[in-house]
Each structure stands twice: as C-alpha cells, then as structure tokens.
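What follows is the content of coords_34.cif, which has mmCIF, C-alpha atoms:
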```
data_my_file
#
loop_
_atom_site.label_atom_id
_atom_site.label_comp_id
_atom_site.auth_asym_id
_atom_site.auth_seq_id
_atom_site.Cartn_x
_atom_site.Cartn_y
_atom_site.Cartn_z
CA MET A 1 123.12 98.16 73.76
CA ASN A 2 120.72 99.34 76.49
CA ASP A 3 121.61 100.31 80.04
CA LEU A 4 121.83 97.33 82.38
CA HIS A 5 120.77 97.39 86.04
CA GLN A 6 120.63 94.18 88.05
CA MET A 7 121.27 92.58 91.39
CA VAL A 8 124.07 90.00 91.21
CA ARG A 9 125.44 87.18 93.34
CA ILE A 10 129.21 86.73 93.31
CA PRO A 11 130.16 83.22 94.43
CA LEU A 12 133.01 82.71 96.85
CA ASP A 13 135.80 80.30 95.98
CA ASP A 14 134.07 77.16 97.23
CA GLY A 15 130.71 78.14 95.74
CA SER A 16 128.80 77.56 98.98
CA GLU A 17 128.26 81.26 99.75
CA HIS A 18 128.09 84.48 97.79
CA LEU A 19 128.49 88.23 98.01
CA GLY A 20 125.59 90.46 97.07
CA GLY A 21 126.03 93.24 94.55
CA ASP A 22 124.22 95.83 92.45
CA LEU A 23 125.58 96.14 88.92
CA ALA A 24 124.84 99.08 86.62
CA VAL A 25 126.28 99.27 83.11
CA PRO A 26 125.48 102.33 80.98
CA ALA A 27 125.30 101.82 77.24
CA GLY A 28 128.81 102.06 75.82
CA ALA A 29 130.48 101.94 79.23
CA ARG A 30 134.21 102.74 79.09
CA GLY A 31 135.20 101.27 82.44
CA ILE A 32 133.83 99.83 85.66
CA VAL A 33 134.18 101.09 89.23
CA LEU A 34 133.86 98.69 92.16
CA PHE A 35 132.69 100.26 95.42
CA ALA A 36 134.13 99.00 98.70
CA HIS A 37 132.05 100.37 101.55
CA GLY A 38 133.35 101.33 104.96
CA SER A 39 133.11 99.76 108.37
CA GLY A 40 129.57 99.02 109.49
CA SER A 41 128.05 100.03 106.16
CA SER A 42 126.78 98.06 103.15
CA ARG A 43 126.22 98.35 99.43
CA LEU A 44 122.98 100.17 100.30
CA SER A 45 124.94 103.15 101.67
CA PRO A 46 123.13 106.24 100.33
CA ARG A 47 126.43 108.12 100.05
CA ASN A 48 128.08 105.51 97.85
CA ARG A 49 124.90 105.03 95.82
CA TYR A 50 124.80 108.75 95.09
CA VAL A 51 128.43 108.76 93.96
CA ALA A 52 127.78 105.65 91.85
CA GLU A 53 124.90 107.39 90.05
CA GLU A 54 127.16 110.32 89.20
CA VAL A 55 129.89 107.98 87.99
CA GLN A 56 127.38 106.23 85.74
CA LYS A 57 126.47 109.56 84.14
CA ALA A 58 130.10 109.80 83.05
CA GLY A 59 129.77 106.55 81.11
CA LEU A 60 131.32 104.18 83.65
CA ALA A 61 129.74 101.00 84.96
CA THR A 62 129.49 100.52 88.73
CA LEU A 63 129.38 97.51 91.02
CA LEU A 64 128.26 98.23 94.57
CA LEU A 65 128.97 95.13 96.60
CA ASP A 66 129.05 93.72 100.09
CA LEU A 67 132.45 92.31 100.97
CA LEU A 68 131.00 90.08 103.69
CA THR A 69 128.38 87.35 103.42
CA GLN A 70 125.09 87.76 105.28
CA GLY A 71 126.31 85.45 108.04
CA GLU A 72 129.57 87.35 108.36
CA GLU A 73 127.75 90.67 108.49
CA ALA A 74 125.54 89.40 111.34
CA ARG A 75 128.65 88.26 113.20
CA ASP A 76 130.43 91.54 112.58
CA LEU A 77 127.54 93.54 114.00
CA VAL A 78 128.39 91.91 117.33
CA THR A 79 132.18 91.60 117.20
CA HIS A 80 133.19 94.47 114.82
CA GLU A 81 136.21 92.37 113.88
CA LEU A 82 135.67 91.57 110.21
CA ARG A 83 135.24 95.19 109.12
CA PHE A 84 138.90 95.71 110.08
CA ASP A 85 140.15 92.49 108.47
CA ILE A 86 141.77 94.31 105.56
CA PRO A 87 143.40 91.20 103.98
CA LEU A 88 140.01 89.46 103.88
CA LEU A 89 138.24 92.49 102.42
CA ALA A 90 140.98 92.93 99.80
CA ARG A 91 140.67 89.28 98.75
CA ARG A 92 136.93 89.69 98.38
CA LEU A 93 137.37 92.83 96.29
CA ALA A 94 139.87 91.03 94.04
CA LEU A 95 137.44 88.13 93.72
CA ALA A 96 134.67 90.51 92.64
CA THR A 97 137.04 92.13 90.16
CA GLY A 98 137.78 88.75 88.62
CA TRP A 99 134.05 87.99 88.47
CA ALA A 100 133.37 91.26 86.64
CA SER A 101 136.15 90.52 84.16
CA ARG A 102 134.29 87.35 83.11
CA GLN A 103 130.79 88.82 82.66
CA PRO A 104 129.66 89.59 79.10
CA ALA A 105 128.51 93.12 79.99
CA THR A 106 131.73 94.13 81.75
CA ARG A 107 134.43 91.93 80.23
CA GLY A 108 137.37 93.98 78.95
CA LEU A 109 136.46 97.17 80.82
CA LYS A 110 139.18 99.00 82.71
CA VAL A 111 138.74 98.68 86.47
CA GLY A 112 138.69 101.35 89.14
CA TYR A 113 138.01 101.20 92.87
CA PHE A 114 136.10 103.62 95.09
CA GLY A 115 136.66 102.89 98.77
CA ALA A 116 135.26 104.51 101.91
CA SER A 117 136.69 104.23 105.43
CA THR A 118 138.19 100.74 105.87
CA GLY A 119 137.04 99.89 102.34
CA ALA A 120 139.65 102.32 101.06
CA ALA A 121 142.41 100.29 102.69
CA ALA A 122 141.02 97.12 101.10
CA ALA A 123 140.94 98.85 97.71
CA LEU A 124 144.57 99.93 98.01
CA VAL A 125 145.75 96.49 99.09
CA ALA A 126 143.87 94.84 96.20
CA ALA A 127 145.29 97.41 93.78
CA ALA A 128 148.81 96.75 95.06
CA GLN A 129 148.38 93.00 94.66
CA HIS A 130 146.97 93.29 91.11
CA PRO A 131 148.66 96.33 89.52
CA GLU A 132 148.00 95.04 86.00
CA ALA A 133 144.24 94.97 86.56
CA VAL A 134 143.41 98.19 88.43
CA GLY A 135 143.56 101.53 86.65
CA ALA A 136 142.53 104.01 89.35
CA VAL A 137 141.59 104.29 93.02
CA VAL A 138 139.53 106.90 94.89
CA SER A 139 139.29 107.03 98.69
CA ARG A 140 136.46 108.92 100.44
CA GLY A 141 137.13 109.63 104.10
CA GLY A 142 139.31 106.55 103.96
CA ARG A 143 141.78 104.83 106.22
CA PRO A 144 144.62 104.28 103.75
CA ASP A 145 146.99 103.88 106.70
CA LEU A 146 145.44 100.45 107.31
CA ALA A 147 146.89 99.29 103.97
CA GLY A 148 150.32 99.25 105.64
CA PRO A 149 153.29 98.22 103.47
CA ALA A 150 151.01 97.78 100.46
CA LEU A 151 150.88 101.57 100.04
CA ALA A 152 154.36 101.67 98.52
CA ARG A 153 153.36 99.01 95.97
CA VAL A 154 150.24 100.73 94.63
CA ARG A 155 150.70 101.67 90.97
CA ALA A 156 147.18 102.84 90.15
CA PRO A 157 146.65 106.62 90.17
CA THR A 158 145.08 107.35 93.56
CA LEU A 159 142.92 110.23 94.77
CA LEU A 160 142.42 110.68 98.52
CA ILE A 161 139.43 112.85 99.53
CA VAL A 162 139.07 113.96 103.14
CA GLY A 163 136.79 116.36 104.98
CA GLY A 164 138.39 119.51 106.34
CA ARG A 165 136.83 118.93 109.76
CA ASP A 166 137.99 115.31 109.96
CA GLY A 167 141.27 116.12 111.70
CA PRO A 168 142.71 112.70 112.63
CA VAL A 169 141.82 111.22 109.25
CA ILE A 170 143.49 114.14 107.45
CA GLU A 171 146.76 113.32 109.17
CA MET A 172 146.40 109.60 108.41
CA ASN A 173 145.87 110.43 104.74
CA LYS A 174 148.83 112.80 104.63
CA GLU A 175 151.09 110.13 106.09
CA ALA A 176 149.77 107.51 103.66
CA LEU A 177 150.32 109.89 100.73
CA GLU A 178 153.99 110.13 101.66
CA GLU A 179 154.30 106.35 101.47
CA MET A 180 152.78 106.04 98.00
CA ARG A 181 154.94 105.99 94.86
CA CYS A 182 152.21 106.30 92.21
CA GLU A 183 150.40 109.28 90.68
CA LYS A 184 148.58 110.60 93.72
CA GLU A 185 146.61 113.54 95.06
CA LEU A 186 145.05 114.52 98.38
CA VAL A 187 142.05 116.85 98.34
CA VAL A 188 140.68 118.28 101.57
CA ILE A 189 137.12 119.57 101.25
CA PRO A 190 136.70 122.59 103.54
CA GLY A 191 133.95 122.37 106.14
CA ALA A 192 133.21 118.70 105.58
CA THR A 193 133.08 116.14 108.37
CA HIS A 194 133.82 112.43 108.06
CA LEU A 195 130.55 111.47 106.30
CA PHE A 196 130.36 114.61 104.10
CA GLU A 197 126.81 115.24 105.31
CA GLU A 198 126.99 119.03 105.04
CA PRO A 199 125.19 120.72 102.11
CA GLY A 200 127.13 120.40 98.88
CA LYS A 201 130.00 118.36 100.34
CA LEU A 202 129.01 114.93 98.99
CA GLU A 203 128.35 116.55 95.62
CA ALA A 204 131.93 117.82 95.70
CA VAL A 205 133.16 114.30 96.45
CA ALA A 206 131.17 112.93 93.52
CA ARG A 207 132.56 115.55 91.12
CA LEU A 208 136.16 114.93 92.15
CA ALA A 209 135.79 111.15 92.07
CA THR A 210 134.03 111.12 88.71
CA LEU A 211 136.64 113.34 87.06
CA TRP A 212 139.49 111.21 88.41
CA LEU A 213 137.93 107.89 87.45
CA ALA A 214 136.77 109.05 84.01
CA ARG A 215 140.23 110.40 83.22
CA HIS A 216 141.98 107.15 84.06
CA LEU A 217 139.35 104.70 82.82
CA ASP A 218 138.52 106.42 79.56
CA ALA A 219 139.06 103.52 77.18
CA ARG A 220 138.40 99.82 76.91
CA SER A 221 141.33 97.55 77.51
CA SER A 222 142.26 95.25 74.68
CA GLY A 223 140.61 92.33 76.39
CA ASN A 224 140.87 90.19 79.46
CA GLU A 225 144.62 89.75 79.35
CA HIS A 226 145.02 90.09 83.11
CA PRO A 227 142.28 88.21 84.93
CA VAL A 228 142.31 88.72 88.69
CA ARG A 229 142.43 85.63 90.84
CA SER A 230 141.71 85.80 94.52
CA ARG A 231 144.57 84.99 96.90
#
```
Exercise: express the given structure as structure tokens:
Amino acid sequence: MNDLHQMVRIPLDDGSEHLGGDLAVPAGARGIVLFAHGSGSSRLSPRNRYVAEEVQKAGLATLLLDLLTQGEEARDLVTHELRFDIPLLARRLALATGWASRQPATRGLKVGYFGASTGAAAALVAAAQHPEAVGAVVSRGGRPDLAGPALARVRAPTLLIVGGRDGPVIEMNKEALEEMRCEKELVVIPGATHLFEEPGKLEAVARLATLWLARHLDARSSGNEHPVRSR
C-alpha cells in the first residue's frame, strides 16, 4: 500500500453541505488523528499542519478538517459566535470520525484527536460522548474548561500542553485536569506563549503529541465495531 494524500469532502447529515478536509494515510498506518483547529483558524493552520506531518512520520494517519462550512466560516468572521459553539463543533468532529470509520483507507484504525484552543474543548466533548471510539486526546494551548461537565466523562487518555507564558490558560488547564477522571497529564513548555511561536517550542509540542498518540493508537482495532453517529 502506498501513502495516500488527498483533499476530501465530508457531507453533513442532510447532504446539502460539506466540511473540507485534508487526509493523509501513511502506508501501514496504525491509527488516525483528527485535528480540530482553534477559534478563527482553519485546517490550513501552519502549526497544526506541522504537527500533522510529524504525527504521520510515526505511522499515524491524519485528517485536518474544517468544522464549519464555508458559509458558516464567513458568518463567523463577522459574529465570532460559531467558534465558541462547542456542542456544534463536537457534533461535527464526531461526524467526521464516523466518516473516517467508513472509508476504505482508514476503516478500523484507532482514533485520536488533536485539538487547539476551542477545538480542544470540542475534542473532549466528542470523546466523552463516544468513549468506545476515541483512544487518545491531545490539547495544544486548549480551552478544556469550555468542555464543562463533559470533562468528568472523558475516558480517553488525555495530554494537555500549555505554554509557560500563557498564564490564564495554564490555570484553566489545571482546573480542567482536576475534573478529569481518565489517564491524564499536563505539560507546561517553559518560555512558550499561546501559539508556541518561539524557536523550538512547536517542535516540542509535536514531539510530546506524537509520543502520546503513538503510544495509545499503536494497533489496529478489530474492525468497525463502534461506528460514531453524530448527535
């Protein structure tokens, strides 16, 4: 099997609109990681694309996707309301997870989530709603506090990564960590700000995320026993 790289269209429930995505499947992939970007960003985020490339080198497939349609993104640029609609974003992430579970190239692969900013909250809510389908979660500079009561229901091993100079977000992550009842870890990267733009900081994020995801998604599941259906 050769590596697969392609743009994909993930239809919404009624089939009239779709979400855009970029799918990459290394030969012999052992799992798949869905990327949920943060507020005001998109699947073209250079930070998430860099992390995705490193994850692929570890033998995991990646799906970078937009959780809003083009029309919704245009509306959100004006109102900024949809980027904080965590239930909507979580439903979209679950829908994309179900889509991936039905594709020939990714069917049967264990699923992980990588979320940034508000996308991290969506990833945690989706993981809480579908504990049988999600094997690991990583949050980069995330807002896990926005997941609310869902935090206590997350069963997937979860890694929270925060910059050492991102004071308010550090506290939000510490409080969220206390609420969680799964395998969990909080790593604070010294000297890093919210976007991890300082030299070497994003590379540190990629190393930590890749190790966590590879450890928990290191084998194929026995099949598609637990398809995810959007709610």
Among listed residues A:Val205, A:Ala136, A:Leu95, A:Met7, nearest Asp22 (chain A) (using all atoms listed in the file):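 Of A:Val205, A:Ala136, A:Leu95, A:Met7, the one nearest Asp22 (chain A), counting all atoms listed in the file, is A:Met7.
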Interatomic distance, CA of Cys182 (chain A) to CA of Ala128 (chain A) (Å, one decimal):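 Straight-line distance from CA of Cys182 (chain A) to CA of Ala128 (chain A) works out to 10.5 Å.
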Nearest-residue call for Thr158 (chain A), choices A:His5, A:Lys110, A:His37, A:His216, using all atoms listed in the file: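 Once distances to Thr158 (chain A) are computed over all atoms listed in the file, the minimum belongs to A:His216.
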CA of Thr79 (chain A) to CA of Leu19 (chain A), straight-line distance in Å: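 Going from CA of Leu19 (chain A) over to CA of Thr79 (chain A) covers 19.8 Å.
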Taking all atoms listed in the file into account, produce a table as JSON lines in which each residue of region 74-131 of chain A with an atom at most 12 Å from an atom of region 167-174 of chain A appears once, together with its shortest atom pair and the distance in Å to one decimal, ordered by chain and rising number.
```
{"residue": "A:Ala116", "atom": "CA", "partner": "A:Val169", "partner_atom": "CA", "distance": 11.9}
{"residue": "A:Ser117", "atom": "CA", "partner": "A:Val169", "partner_atom": "CA", "distance": 9.5}
{"residue": "A:Thr118", "atom": "CA", "partner": "A:Val169", "partner_atom": "CA", "distance": 11.6}
{"residue": "A:Ala120", "atom": "CA", "partner": "A:Asn173", "partner_atom": "CA", "distance": 10.9}
{"residue": "A:Ala121", "atom": "CA", "partner": "A:Asn173", "partner_atom": "CA", "distance": 10.9}
```
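Proximity ranking of A:Arg49, A:Arg9, A:Arg91, A:Arg30 relative to Ala122 (chain A) places A:Arg91 first, based on all atoms listed in the file.
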Nearby residues (all atoms listed in the file) at most 12 Å from Glu72 (chain A), same-chain spacing under 5 positions excluded, as a list of chain:residue names: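 Answer for this query is A:Glu17, A:His18, A:Leu19, A:Gly40, A:Asp66, A:Leu67, A:Leu77, A:Val78, A:Thr79, A:His80, A:Glu81, A:Leu82, A:Arg83, A:Asp85, A:Leu88, A:Leu89.
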Save out the residues we just selected, C-alpha atoms, as a PDB file, in the frame of the given file.
```pdb
ATOM      1  CA  GLU A  17     128.260  81.260  99.750  1.00  0.00           C
ATOM      2  CA  HIS A  18     128.090  84.480  97.790  1.00  0.00           C
ATOM      3  CA  LEU A  19     128.490  88.230  98.010  1.00  0.00           C
ATOM      4  CA  GLY A  40     129.570  99.020 109.490  1.00  0.00           C
ATOM      5  CA  ASP A  66     129.050  93.720 100.090  1.00  0.00           C
ATOM      6  CA  LEU A  67     132.450  92.310 100.970  1.00  0.00           C
ATOM      7  CA  LEU A  77     127.540  93.540 114.000  1.00  0.00           C
ATOM      8  CA  VAL A  78     128.390  91.910 117.330  1.00  0.00           C
ATOM      9  CA  THR A  79     132.180  91.600 117.200  1.00  0.00           C
ATOM     10  CA  HIS A  80     133.190  94.470 114.820  1.00  0.00           C
ATOM     11  CA  GLU A  81     136.210  92.370 113.880  1.00  0.00           C
ATOM     12  CA  LEU A  82     135.670  91.570 110.210  1.00  0.00           C
ATOM     13  CA  ARG A  83     135.240  95.190 109.120  1.00  0.00           C
ATOM     14  CA  ASP A  85     140.150  92.490 108.470  1.00  0.00           C
ATOM     15  CA  LEU A  88     140.010  89.460 103.880  1.00  0.00           C
ATOM     16  CA  LEU A  89     138.240  92.490 102.420  1.00  0.00           C
TER      17      LEU A  89
END
```
For region 30-89 of chain A of the structure just presented, write C-alpha atoms to a file, as a PDB file, in the first residue's frame.
```
ATOM      1  CA  ARG A  30      -1.750   2.149  12.832  1.00  0.00           C
ATOM      2  CA  GLY A  31      -4.259   4.833  13.758  1.00  0.00           C
ATOM      3  CA  ILE A  32      -5.765   8.121  12.649  1.00  0.00           C
ATOM      4  CA  VAL A  33      -5.661  11.534  14.322  1.00  0.00           C
ATOM      5  CA  LEU A  34      -8.357  14.111  13.607  1.00  0.00           C
ATOM      6  CA  PHE A  35      -7.292  17.732  14.055  1.00  0.00           C
ATOM      7  CA  ALA A  36      -9.784  20.232  15.455  1.00  0.00           C
ATOM      8  CA  HIS A  37      -8.431  23.730  14.931  1.00  0.00           C
ATOM      9  CA  GLY A  38      -8.942  26.657  17.252  1.00  0.00           C
ATOM     10  CA  SER A  39     -11.050  29.762  17.090  1.00  0.00           C
ATOM     11  CA  GLY A  40     -10.547  31.830  13.962  1.00  0.00           C
ATOM     12  CA  SER A  41      -8.230  29.277  12.369  1.00  0.00           C
ATOM     13  CA  SER A  42      -8.724  26.590   9.697  1.00  0.00           C
ATOM     14  CA  ARG A  43      -7.335  23.293   8.507  1.00  0.00           C
ATOM     15  CA  LEU A  44      -4.627  25.329   6.752  1.00  0.00           C
ATOM     16  CA  SER A  45      -3.128  26.370  10.104  1.00  0.00           C
ATOM     17  CA  PRO A  46       0.658  26.029   9.662  1.00  0.00           C
ATOM     18  CA  ARG A  47       1.048  24.968  13.296  1.00  0.00           C
ATOM     19  CA  ASN A  48      -1.391  22.067  13.030  1.00  0.00           C
ATOM     20  CA  ARG A  49      -0.029  21.082   9.619  1.00  0.00           C
ATOM     21  CA  TYR A  50       3.466  20.868  11.072  1.00  0.00           C
ATOM     22  CA  VAL A  51       2.282  18.674  13.947  1.00  0.00           C
ATOM     23  CA  ALA A  52       0.314  16.520  11.486  1.00  0.00           C
ATOM     24  CA  GLU A  53       3.453  15.916   9.403  1.00  0.00           C
ATOM     25  CA  GLU A  54       5.330  14.765  12.495  1.00  0.00           C
ATOM     26  CA  VAL A  55       2.448  12.502  13.502  1.00  0.00           C
ATOM     27  CA  GLN A  56       2.471  10.945  10.034  1.00  0.00           C
ATOM     28  CA  LYS A  57       6.165  10.114  10.414  1.00  0.00           C
ATOM     29  CA  ALA A  58       5.176   7.988  13.411  1.00  0.00           C
ATOM     30  CA  GLY A  59       2.914   5.873  11.200  1.00  0.00           C
ATOM     31  CA  LEU A  60      -0.416   7.513  12.025  1.00  0.00           C
ATOM     32  CA  ALA A  61      -2.908   8.860   9.505  1.00  0.00           C
ATOM     33  CA  THR A  62      -4.146  12.435   9.916  1.00  0.00           C
ATOM     34  CA  LEU A  63      -7.307  14.279   8.958  1.00  0.00           C
ATOM     35  CA  LEU A  64      -7.085  18.062   9.115  1.00  0.00           C
ATOM     36  CA  LEU A  65     -10.592  19.391   8.769  1.00  0.00           C
ATOM     37  CA  ASP A  66     -12.722  22.491   8.973  1.00  0.00           C
ATOM     38  CA  LEU A  67     -15.548  22.102  11.455  1.00  0.00           C
ATOM     39  CA  LEU A  68     -17.593  24.851   9.797  1.00  0.00           C
ATOM     40  CA  THR A  69     -18.871  25.083   6.233  1.00  0.00           C
ATOM     41  CA  GLN A  70     -17.634  27.904   4.009  1.00  0.00           C
ATOM     42  CA  GLY A  71     -20.838  29.854   4.624  1.00  0.00           C
ATOM     43  CA  GLU A  72     -20.558  29.378   8.374  1.00  0.00           C
ATOM     44  CA  GLU A  73     -16.925  30.460   8.345  1.00  0.00           C
ATOM     45  CA  ALA A  74     -17.841  33.674   6.509  1.00  0.00           C
ATOM     46  CA  ARG A  75     -20.562  34.341   9.083  1.00  0.00           C
ATOM     47  CA  ASP A  76     -18.235  33.586  11.975  1.00  0.00           C
ATOM     48  CA  LEU A  77     -15.649  36.067  10.717  1.00  0.00           C
ATOM     49  CA  VAL A  78     -18.238  38.748  11.450  1.00  0.00           C
ATOM     50  CA  THR A  79     -20.022  37.412  14.540  1.00  0.00           C
ATOM     51  CA  HIS A  80     -17.320  35.205  16.186  1.00  0.00           C
ATOM     52  CA  GLU A  81     -20.163  33.130  17.616  1.00  0.00           C
ATOM     53  CA  LEU A  82     -19.760  29.735  15.962  1.00  0.00           C
ATOM     54  CA  ARG A  83     -16.129  29.271  17.000  1.00  0.00           C
ATOM     55  CA  PHE A  84     -17.385  29.110  20.606  1.00  0.00           C
ATOM     56  CA  ASP A  85     -20.335  26.820  19.851  1.00  0.00           C
ATOM     57  CA  ILE A  86     -18.683  23.789  21.425  1.00  0.00           C
ATOM     58  CA  PRO A  87     -21.692  21.424  21.048  1.00  0.00           C
ATOM     59  CA  LEU A  88     -21.833  22.178  17.315  1.00  0.00           C
ATOM     60  CA  LEU A  89     -18.090  21.705  16.850  1.00  0.00           C
TER      61      LEU A  89
END
```
